[in-house]
$ cat data.txt   # compact mmCIF, C-alpha atoms and all ligand atoms
# COMPACT_ATOMS: atom_id res chain seq x y z
CA MET A 1333 80.46 -137.71 127.45
CA THR A 1334 79.30 -137.75 123.84
CA TYR A 1335 75.80 -138.76 122.86
CA VAL A 1336 76.28 -139.55 119.18
CA THR A 1337 75.50 -143.24 119.78
CA ALA A 1338 72.29 -142.29 121.59
CA ILE A 1339 71.22 -140.05 118.72
CA GLU A 1340 72.04 -142.67 116.10
CA ASP A 1341 70.05 -145.26 118.03
CA ALA A 1342 67.03 -142.96 118.34
CA VAL A 1343 67.09 -141.99 114.68
CA SER A 1344 67.29 -145.60 113.57
CA LYS A 1345 64.30 -146.50 115.77
CA ILE A 1346 62.28 -143.62 114.34
CA LYS A 1347 63.08 -144.86 110.83
CA ASN A 1348 62.04 -148.41 111.73
CA ASN A 1349 58.79 -147.13 113.21
CA LEU A 1350 58.00 -145.12 110.09
CA LEU A 1351 58.73 -148.13 107.88
CA ARG A 1352 56.73 -150.49 110.06
CA ARG A 1353 53.79 -148.30 111.06
CA GLY A 1354 53.30 -146.08 108.03
CA ASP A 1355 51.50 -142.84 108.78
CA LEU A 1356 50.02 -143.85 112.13
CA PHE A 1357 51.05 -142.12 115.37
CA PRO A 1358 52.26 -143.70 118.63
CA HIS A 1359 49.78 -143.55 121.49
CA ILE A 1360 49.58 -144.27 125.20
CA LYS A 1361 48.51 -147.74 126.27
CA ASN A 1362 45.27 -147.94 128.13
CA GLY A 1363 45.96 -150.06 131.20
CA ASP A 1364 48.30 -152.96 130.55
CA SER A 1365 51.83 -151.75 130.03
CA SER A 1366 53.54 -155.11 130.14
CA GLU A 1367 54.21 -155.29 126.40
CA LYS A 1368 56.84 -152.80 125.48
CA HIS A 1369 55.61 -151.41 122.23
CA TYR A 1370 53.54 -148.40 121.31
CA VAL A 1371 49.88 -148.51 120.41
CA TRP A 1372 49.46 -146.93 116.95
CA ARG A 1373 46.47 -144.82 116.00
CA GLU A 1374 45.20 -141.92 113.94
CA ASN A 1375 45.96 -138.27 114.72
CA THR A 1376 43.28 -137.61 117.36
CA ASP A 1377 44.95 -137.04 120.74
CA TRP A 1378 47.09 -134.23 122.21
CA ILE A 1379 50.41 -135.98 121.68
CA GLU A 1380 50.92 -136.55 117.96
CA GLY A 1381 53.06 -133.46 117.39
CA PHE A 1382 55.91 -135.01 119.36
CA TYR A 1383 56.28 -137.84 116.88
CA THR A 1384 56.38 -135.43 113.95
CA GLY A 1385 58.91 -133.37 115.91
CA MET A 1386 61.13 -136.42 116.22
CA VAL A 1387 60.86 -136.99 112.50
CA TRP A 1388 61.93 -133.37 111.85
CA LEU A 1389 64.82 -133.72 114.31
CA SER A 1390 65.89 -136.90 112.52
CA TYR A 1391 65.81 -135.04 109.21
CA GLU A 1392 67.88 -132.20 110.60
CA TYR A 1393 70.42 -134.63 111.99
CA THR A 1394 70.72 -136.92 108.97
CA GLY A 1395 69.65 -134.81 105.98
CA ASP A 1396 67.82 -137.96 104.79
CA THR A 1397 64.77 -136.91 102.76
CA PHE A 1398 62.96 -140.07 103.88
CA PHE A 1399 62.35 -138.22 107.16
CA ARG A 1400 61.49 -134.95 105.49
CA ASP A 1401 58.87 -136.61 103.26
CA ALA A 1402 57.32 -138.37 106.27
CA ALA A 1403 57.19 -135.10 108.24
CA VAL A 1404 55.52 -133.29 105.34
CA ARG A 1405 52.89 -136.05 105.02
CA GLN A 1406 52.22 -135.75 108.73
CA ILE A 1407 51.85 -131.99 108.43
CA ASP A 1408 49.17 -132.59 105.77
CA ASP A 1409 47.41 -134.72 108.36
CA PHE A 1410 47.64 -131.88 110.90
CA ARG A 1411 46.07 -129.54 108.32
CA ARG A 1412 43.18 -131.99 107.82
CA ARG A 1413 42.81 -132.20 111.57
CA LEU A 1414 42.63 -128.44 112.04
CA ASP A 1415 40.24 -127.92 109.12
CA GLY A 1416 38.02 -130.75 110.39
CA ASN A 1417 38.29 -129.49 113.98
CA VAL A 1418 39.12 -133.02 115.13
CA SER A 1419 39.57 -133.32 118.92
CA LEU A 1420 40.87 -129.79 119.42
CA ASN A 1421 38.73 -128.77 122.37
CA HIS A 1422 41.75 -128.35 124.63
CA HIS A 1423 44.78 -126.12 125.17
CA ASP A 1424 47.39 -128.51 123.76
CA ILE A 1425 47.38 -126.85 120.37
CA GLY A 1426 51.01 -125.77 120.83
CA PHE A 1427 52.11 -129.31 121.62
CA LEU A 1428 50.40 -130.43 118.43
CA TYR A 1429 51.43 -127.65 116.06
CA CYS A 1430 54.88 -126.42 117.20
CA PRO A 1431 56.85 -129.63 116.59
CA SER A 1432 54.90 -130.27 113.38
CA ALA A 1433 53.85 -127.12 111.50
CA LEU A 1434 56.13 -124.55 113.15
CA ALA A 1435 58.98 -127.04 112.71
CA GLY A 1436 58.19 -127.24 108.99
CA TRP A 1437 58.53 -123.47 108.79
CA ILE A 1438 61.72 -123.42 110.89
CA VAL A 1439 63.43 -126.28 109.08
CA GLU A 1440 62.58 -125.50 105.48
CA GLY A 1441 60.65 -122.25 105.34
CA SER A 1442 57.46 -123.93 104.14
CA GLU A 1443 54.82 -121.24 103.64
CA GLU A 1444 52.04 -123.84 104.01
CA ALA A 1445 53.47 -124.95 107.34
CA ARG A 1446 53.73 -121.33 108.49
CA ARG A 1447 50.07 -120.70 107.56
CA LEU A 1448 49.05 -123.85 109.42
CA ALA A 1449 50.93 -122.79 112.56
CA LEU A 1450 49.26 -119.36 112.42
CA ASP A 1451 45.82 -120.93 111.98
CA ALA A 1452 46.59 -123.15 114.97
CA ALA A 1453 47.48 -120.07 117.03
CA ASP A 1454 44.04 -118.65 116.17
CA LYS A 1455 42.49 -121.90 117.32
CA LEU A 1456 44.30 -121.63 120.65
CA LEU A 1457 43.07 -118.05 121.09
CA GLU A 1458 39.50 -119.39 121.07
CA ARG A 1459 40.21 -120.72 124.56
CA TRP A 1460 40.90 -117.28 126.04
CA ARG A 1461 38.41 -116.41 128.80
CA PRO A 1462 38.51 -112.64 129.33
CA LYS A 1463 36.59 -112.69 132.60
CA GLY A 1464 39.26 -114.70 134.39
CA GLN A 1465 42.10 -113.66 132.03
CA TYR A 1466 43.17 -117.24 131.31
CA ILE A 1467 43.35 -119.89 128.62
CA GLN A 1468 40.93 -122.67 129.59
CA ALA A 1469 42.63 -126.05 129.76
CA TRP A 1470 39.99 -128.51 128.66
CA GLY A 1471 36.44 -128.79 127.41
CA PRO A 1472 33.90 -126.32 126.11
CA GLU A 1473 33.39 -122.82 127.45
CA GLY A 1474 31.17 -122.86 130.51
CA ASP A 1475 31.87 -126.52 131.25
CA PRO A 1476 30.83 -127.01 134.90
CA GLU A 1477 33.97 -129.03 135.83
CA ASN A 1478 36.65 -127.52 133.61
CA GLY A 1479 35.36 -124.13 132.46
CA GLY A 1480 37.34 -122.30 135.14
CA ARG A 1481 40.45 -124.41 135.06
CA ILE A 1482 44.03 -123.63 134.05
CA ILE A 1483 46.93 -126.07 133.91
CA ILE A 1484 50.70 -125.69 134.23
CA ASP A 1485 51.30 -127.71 131.04
CA CYS A 1486 49.77 -124.84 129.05
CA LEU A 1487 52.93 -122.77 129.53
CA MET A 1488 54.43 -124.92 126.79
CA ASN A 1489 51.62 -123.94 124.42
CA LEU A 1490 52.31 -120.21 124.80
CA PRO A 1491 55.33 -120.21 122.42
CA LEU A 1492 52.88 -120.70 119.54
CA LEU A 1493 51.14 -117.45 120.53
CA PHE A 1494 54.37 -115.51 121.08
CA TRP A 1495 55.65 -116.69 117.72
CA ALA A 1496 52.37 -115.73 115.99
CA SER A 1497 52.76 -112.16 117.24
CA GLU A 1498 56.32 -112.01 115.95
CA GLN A 1499 55.21 -113.32 112.58
CA THR A 1500 52.13 -111.19 112.06
CA GLY A 1501 52.94 -108.08 114.08
CA GLU A 1502 49.55 -108.51 115.78
CA LEU A 1503 49.94 -108.01 119.50
CA LYS A 1504 46.82 -109.90 120.57
CA TYR A 1505 48.61 -113.28 120.65
CA LYS A 1506 51.46 -112.03 122.80
CA GLU A 1507 49.17 -110.07 125.13
CA ILE A 1508 47.10 -113.14 125.86
CA ALA A 1509 50.21 -115.29 126.33
CA VAL A 1510 51.65 -112.77 128.81
CA LYS A 1511 48.41 -112.50 130.77
CA HIS A 1512 48.10 -116.26 130.99
CA ALA A 1513 51.76 -116.66 132.00
CA ASP A 1514 51.37 -113.99 134.70
CA LEU A 1515 48.28 -115.67 136.11
CA SER A 1516 50.02 -119.06 136.04
CA ARG A 1517 52.99 -117.58 137.84
CA ARG A 1518 50.77 -116.13 140.52
CA TYR A 1519 48.51 -119.12 141.17
CA LEU A 1520 50.24 -122.28 139.95
CA VAL A 1521 53.66 -121.59 141.46
CA ARG A 1522 53.69 -121.80 145.27
CA GLY A 1523 55.83 -119.89 147.74
CA ASP A 1524 58.17 -122.83 148.34
CA ASP A 1525 58.85 -123.10 144.55
CA SER A 1526 56.66 -126.18 144.13
CA SER A 1527 53.63 -126.08 141.84
CA TYR A 1528 50.01 -126.98 141.48
CA HIS A 1529 49.15 -128.98 138.41
CA THR A 1530 45.91 -127.06 137.90
CA PHE A 1531 44.03 -124.12 139.39
CA TYR A 1532 40.31 -123.31 139.42
CA PHE A 1533 38.74 -119.88 138.93
CA ASP A 1534 35.13 -118.93 139.44
CA GLN A 1535 33.54 -118.76 136.00
CA GLU A 1536 31.08 -116.05 137.00
CA ASP A 1537 33.43 -113.48 138.46
CA GLY A 1538 36.89 -114.82 137.51
CA LYS A 1539 38.04 -114.95 141.14
CA PRO A 1540 40.61 -117.58 142.22
CA VAL A 1541 39.09 -120.63 143.95
CA ARG A 1542 41.70 -123.31 144.66
CA GLY A 1543 44.61 -125.34 143.40
CA GLY A 1544 44.12 -128.95 142.33
CA THR A 1545 45.56 -131.75 140.30
CA HIS A 1546 44.63 -134.01 137.43
CA GLN A 1547 47.50 -136.47 137.15
CA GLY A 1548 49.34 -135.75 140.39
CA PHE A 1549 49.21 -137.66 143.67
CA HIS A 1550 46.80 -135.26 145.37
CA ASP A 1551 45.54 -131.72 144.99
CA GLY A 1552 48.37 -130.13 146.96
CA SER A 1553 51.19 -132.36 145.76
CA THR A 1554 53.82 -131.50 143.15
CA TRP A 1555 53.44 -133.61 140.05
CA THR A 1556 56.96 -133.90 138.66
CA ARG A 1557 55.93 -133.49 135.03
CA GLY A 1558 53.95 -130.38 135.87
CA GLN A 1559 57.02 -128.90 137.54
CA ALA A 1560 59.04 -129.79 134.43
CA TRP A 1561 56.51 -128.11 132.09
CA GLY A 1562 56.84 -125.04 134.30
CA ILE A 1563 60.65 -124.96 134.17
CA TYR A 1564 60.70 -125.08 130.39
CA GLY A 1565 57.55 -122.99 129.87
CA PHE A 1566 58.72 -120.03 131.96
CA ALA A 1567 62.21 -120.15 130.43
CA LEU A 1568 60.58 -119.86 127.00
CA CYS A 1569 58.34 -117.01 128.21
CA TYR A 1570 61.57 -115.24 129.19
CA ARG A 1571 63.04 -115.86 125.74
CA TYR A 1572 60.05 -114.21 124.06
CA THR A 1573 59.54 -111.30 126.49
CA GLY A 1574 62.81 -110.65 128.31
CA ASN A 1575 60.79 -110.35 131.54
CA PRO A 1576 63.24 -111.33 134.33
CA LEU A 1577 60.36 -112.55 136.52
CA TYR A 1578 59.84 -115.47 134.13
CA LEU A 1579 63.53 -116.34 134.26
CA GLU A 1580 63.47 -116.19 138.04
CA THR A 1581 60.38 -118.41 138.18
CA SER A 1582 61.96 -120.99 135.89
CA LYS A 1583 65.07 -121.01 138.10
CA ARG A 1584 63.00 -121.44 141.25
CA LEU A 1585 61.11 -124.38 139.77
CA ALA A 1586 64.38 -125.89 138.56
CA ARG A 1587 65.98 -125.55 141.99
CA TYR A 1588 63.06 -127.38 143.60
CA PHE A 1589 63.31 -130.13 140.98
CA ILE A 1590 67.07 -130.55 141.34
CA GLU A 1591 67.01 -130.62 145.15
CA ARG A 1592 64.55 -133.52 145.06
CA MET A 1593 66.15 -135.69 142.41
CA PRO A 1594 66.64 -139.27 143.59
CA GLU A 1595 69.99 -141.02 143.55
CA ASP A 1596 69.86 -141.97 139.90
CA HIS A 1597 68.86 -138.39 138.89
CA VAL A 1598 65.57 -139.42 137.23
CA VAL A 1599 62.46 -138.40 139.13
CA TYR A 1600 59.50 -140.40 140.41
CA TRP A 1601 56.07 -139.43 139.11
CA ASP A 1602 55.24 -137.03 141.94
CA PHE A 1603 57.53 -135.36 144.48
CA ASP A 1604 55.11 -136.23 147.28
CA VAL A 1605 54.82 -139.98 146.82
CA THR A 1606 56.89 -142.26 148.98
CA GLN A 1607 60.00 -142.84 146.95
CA GLY A 1608 61.64 -146.21 146.55
CA GLU A 1609 61.22 -149.64 145.06
CA GLY A 1610 57.81 -150.15 143.48
CA THR A 1611 57.16 -146.44 142.96
CA TYR A 1612 56.84 -145.48 139.32
CA ARG A 1613 59.34 -143.11 137.75
CA ASP A 1614 58.54 -140.56 135.12
CA SER A 1615 61.53 -140.46 132.80
CA SER A 1616 59.59 -138.05 130.58
CA ALA A 1617 59.47 -135.47 133.39
CA SER A 1618 63.24 -135.64 133.65
CA ALA A 1619 63.67 -135.32 129.88
CA ILE A 1620 61.40 -132.25 129.78
CA ALA A 1621 63.07 -130.65 132.81
CA THR A 1622 66.46 -131.22 131.18
CA CYS A 1623 65.35 -129.37 128.04
CA GLY A 1624 64.03 -126.57 130.24
CA MET A 1625 67.33 -126.39 132.09
CA LEU A 1626 69.28 -126.30 128.82
CA GLU A 1627 67.09 -123.36 127.81
CA LEU A 1628 67.75 -121.72 131.19
CA LEU A 1629 71.50 -122.25 130.90
CA GLU A 1630 71.56 -120.49 127.55
CA HIS A 1631 69.89 -117.42 129.06
CA LEU A 1632 72.09 -117.46 132.14
CA GLU A 1633 75.18 -117.66 129.94
CA GLN A 1634 73.99 -114.67 127.92
CA LEU A 1635 73.48 -112.75 131.15
CA GLY A 1636 76.96 -113.75 132.30
CA GLN A 1637 75.56 -115.56 135.33
CA GLY A 1638 78.06 -118.38 135.83
CA ASP A 1639 77.43 -118.70 139.56
CA GLN A 1640 76.81 -121.69 141.82
CA GLU A 1641 73.21 -121.97 140.65
CA TYR A 1642 74.38 -122.12 137.04
CA ASN A 1643 76.81 -124.90 137.96
CA ASP A 1644 74.12 -126.82 139.83
CA ILE A 1645 71.80 -126.69 136.82
CA ARG A 1646 74.58 -127.71 134.45
CA ASP A 1647 75.53 -130.64 136.70
CA ALA A 1648 71.91 -131.74 136.97
CA VAL A 1649 71.59 -131.74 133.18
CA GLN A 1650 74.71 -133.85 132.79
CA ARG A 1651 73.81 -136.34 135.49
CA THR A 1652 70.24 -136.77 134.28
CA MET A 1653 71.22 -137.23 130.66
CA GLN A 1654 73.84 -139.80 131.58
CA SER A 1655 71.31 -141.71 133.67
CA LEU A 1656 68.61 -141.53 131.01
CA TYR A 1657 71.06 -142.90 128.51
CA GLU A 1658 72.56 -145.62 130.71
CA ASN A 1659 69.54 -146.71 132.76
CA TYR A 1660 66.40 -145.76 130.84
CA SER A 1661 67.09 -145.75 127.12
CA THR A 1662 66.46 -148.77 124.90
CA ARG A 1663 69.98 -148.55 123.43
CA ASP A 1664 70.46 -152.32 123.92
CA GLN A 1665 67.06 -153.25 122.46
CA PRO A 1666 67.16 -152.80 118.68
CA GLU A 1667 63.56 -154.02 118.27
CA ALA A 1668 62.10 -151.53 120.74
CA GLU A 1669 59.67 -148.97 119.37
CA GLY A 1670 60.22 -146.53 122.20
CA ILE A 1671 63.45 -144.75 123.08
CA LEU A 1672 63.01 -144.08 126.80
CA GLN A 1673 61.56 -146.61 129.24
CA HIS A 1674 59.73 -145.93 132.48
CA GLY A 1675 57.68 -142.88 131.66
CA SER A 1676 54.35 -142.51 133.39
CA TYR A 1677 51.27 -140.89 131.92
CA TYR A 1678 48.62 -141.07 134.61
CA VAL A 1679 49.53 -143.32 137.52
CA ARG A 1680 46.35 -142.98 139.59
CA GLY A 1681 44.24 -143.65 136.47
CA ASN A 1682 46.41 -146.70 135.61
CA LEU A 1683 47.02 -145.25 132.16
CA GLY A 1684 50.56 -145.98 131.01
CA PRO A 1685 52.04 -145.85 134.50
CA ASP A 1686 55.32 -147.45 133.34
CA ASP A 1687 55.72 -147.24 129.63
CA TYR A 1688 57.13 -145.57 126.55
CA ILE A 1689 55.81 -142.04 126.42
CA ILE A 1690 56.19 -140.25 123.11
CA TRP A 1691 56.94 -136.83 124.62
CA GLY A 1692 59.61 -138.46 126.79
CA ASP A 1693 61.20 -139.76 123.60
CA TYR A 1694 60.82 -136.36 121.92
CA TYR A 1695 62.37 -134.29 124.72
CA TYR A 1696 65.17 -136.79 125.24
CA LEU A 1697 66.07 -136.48 121.56
CA GLU A 1698 65.66 -132.70 121.68
CA ALA A 1699 68.10 -132.54 124.62
CA LEU A 1700 70.58 -134.87 122.91
CA LEU A 1701 70.57 -132.80 119.74
CA ARG A 1702 70.79 -129.53 121.61
CA MET A 1703 73.79 -130.75 123.57
CA GLU A 1704 75.54 -132.50 120.71
CA LYS A 1705 74.63 -130.41 117.65
CA GLY A 1706 73.15 -127.14 118.89
CA ILE A 1707 69.74 -128.01 117.36
CA PRO A 1708 67.24 -126.59 119.88
CA GLY A 1709 63.82 -128.04 118.96
CA TYR A 1710 60.82 -126.19 117.65
CA TRP A 1711 59.49 -123.74 120.24
CA TYR A 1712 61.01 -120.63 118.66
CA GLU A 1713 62.72 -119.48 115.49
CA ARG A 1714 66.46 -119.67 115.43
CA GLY A 1715 68.42 -116.42 115.35
N1 LIG B 1 49.89 -132.47 129.17
C1 LIG B 1 49.46 -133.68 129.76
C2 LIG B 1 50.56 -134.47 130.32
O1 LIG B 1 51.68 -134.00 130.47
O2 LIG B 1 50.32 -135.62 130.63
$ encode --input "data.txt" --output "structure tokens"
Amino acid sequence: MTYVTAIEDAVSKIKNNLLRRGDLFPHIKNGDSSEKHYVWRENTDWIEGFYTGMVWLSYEYTGDTFFRDAAVRQIDDFRRRLDGNVSLNHHDIGFLYCPSALAGWIVEGSEEARRLALDAADKLLERWRPKGQYIQAWGPEGDPENGGRIIIDCLMNLPLLFWASEQTGELKYKEIAVKHADLSRRYLVRGDDSSYHTFYFDQEDGKPVRGGTHQGFHDGSTWTRGQAWGIYGFALCYRYTGNPLYLETSKRLARYFIERMPEDHVVYWDFDVTQGEGTYRDSSASAIATCGMLELLEHLEQLGQGDQEYNDIRDAVQRTMQSLYENYSTRDQPEAEGILQHGSYYVRGNLGPDDYIIWGDYYYLEALLRMEKGIPGYWYERG
């Protein structure tokens, strides 16, 4: 199956959005998801980088400088945000600055974009808590609720640190990324290959306390998007370090994900909810997991591992992408602002439980371009 039509459709929607919405960014709806358009706001949340990433991907695919100029304007906005320290008291600095600033460096060697990505890496380092040896997920240091908390999503922010070490030769970024990845592997990944969304450590002595969740069904459940962040995050940790334990962990998480895919190969929002009619899907989790599996496949190919597991992962990628395209994309809705339907942000909080989700759109497009054109997204420099 070829996905050129899917890419063309996505790129044309991104162009329409840029023309219609100017320099605003798509956001998650608060509550009512019945109207199928994005909410558009300033650059103040954790998600804006994905939109800029889609603009860069569109530029790489088309060569149309309309996209390049929009991406550069958005990068200027990310510089203002970092300099003004606007809403950056969280770990999602990699999600913000890889698909924007690091992309600007990867795509056109912009020195300003490179500097911005390095400054963002320094910002992320501010969240390192030496006592517990982790990067704190949210809130200020010492925060009673979140001061001792890590989150599986953060694995996708580590590439910014790994890359900063490669760029500068300074080991501190990589050392912190490795320590955080090791701790995440030990405490967020469970023995049956499922995962906690978050884990708490004692802020006084750094000792482990308990697993928990933020957006999952319950503390011990497996939130599908968390599992997907883990698949991709550990595969990228392997890319940067060559540590086979990270590759193995990514494979384990992928196996768990694949074995629990429903009939149409797009997951529900948590593996522990009762599946069936009326249960929300999370198409974004499937798009992220697919990108993680494409990353995994590349490493397995390089290692010459074309075994049954390799075939299972490859089949899962193909089935999921076909289903996303046929059953979830807005390919038949030219006026739609989103590209994938039926993502869920935070079901229990009734925030965007069934909606367009910008990172779902981003990872879907990343997967399409990786499969069709060999363009791999913006989590590492290309060889
Ligand atoms: N990183 C937050 C989320 O995936 O919703």
$ closest_residue --input "data.txt" --among "A:Gly1715, A:Pro1576, A:Gly1381, A:Pro1685" --to "Gly1548 of chain A" --atoms "only C-alpha atoms"
A:Pro1685
$ closest_atom_pairs --input "data.txt" --of "chain A" --to "ligand LIG 1 (chain B)" --cutoff "8 Å" --atoms "all atoms listed in the file" --output "tab-separated table"
residue	atom	partner	partner_atom	distance
A:Trp1378	CA	B:LIG1	N1	7.7
A:Asp1424	CA	B:LIG1	N1	7.2
A:Asp1485	CA	B:LIG1	N1	5.3
A:Cys1486	CA	B:LIG1	N1	7.6
A:Gln1547	CA	B:LIG1	O2	7.2
A:Arg1557	CA	B:LIG1	O1	6.3
A:Gly1558	CA	B:LIG1	O1	6.9
A:Trp1561	CA	B:LIG1	O1	7.8
A:Tyr1677	CA	B:LIG1	O2	5.5
A:Tyr1678	CA	B:LIG1	O2	7.0
$ residues_around --input "data.txt" --residues "Val1371 of chain A" --least-positions-apart "3" --cutoff "12 Å" --atoms "all atoms listed in the file" --output "list in words"
Asn1349, Arg1353, Leu1356, Phe1357, Pro1358, His1359, Ile1360, Lys1361, Asn1362, Gly1363, Asp1364, Ser1365, Glu1367, Lys1368, Glu1374, Glu1669, Gly1670, Gly1684, Asp1687, Tyr1688, Ile1689 and Ile1690 of chain A
$ closest_residue --input "data.txt" --among "A:Glu1507, A:Glu1641, A:Asp1537, A:Glu1633" --to "Tyr1588 of chain A" --atoms "only C-alpha atoms"
A:Glu1641
$ closest_residue --input "data.txt" --among "A:Arg1400, A:Arg1411, A:Arg1592, A:His1631" --to "Arg1571 of chain A" --atoms "only C-alpha atoms"
A:His1631
$ closest_residue --input "data.txt" --among "A:Trp1470, A:Tyr1383, A:Gly1436, A:Ala1586" --to "Asp1408 of chain A" --atoms "all atoms listed in the file"
A:Gly1436
$ atom_distance --input "data.txt" --atom1 "atom CA of Leu1487 of chain A" --atom2 "atom CA of Gly1562 of chain A"
6.6 Å
$ closest_residue --input "data.txt" --among "A:Leu1635, A:Ile1483, A:Val1649, A:Leu1577" --to "Tyr1696 of chain A" --atoms "all atoms listed in the file"
A:Val1649
$ closest_residue --input "data.txt" --among "A:Val1343, A:Asn1417, A:Trp1372, A:Ala1453" --to "Gly1395 of chain A" --atoms "only C-alpha atoms"
A:Val1343
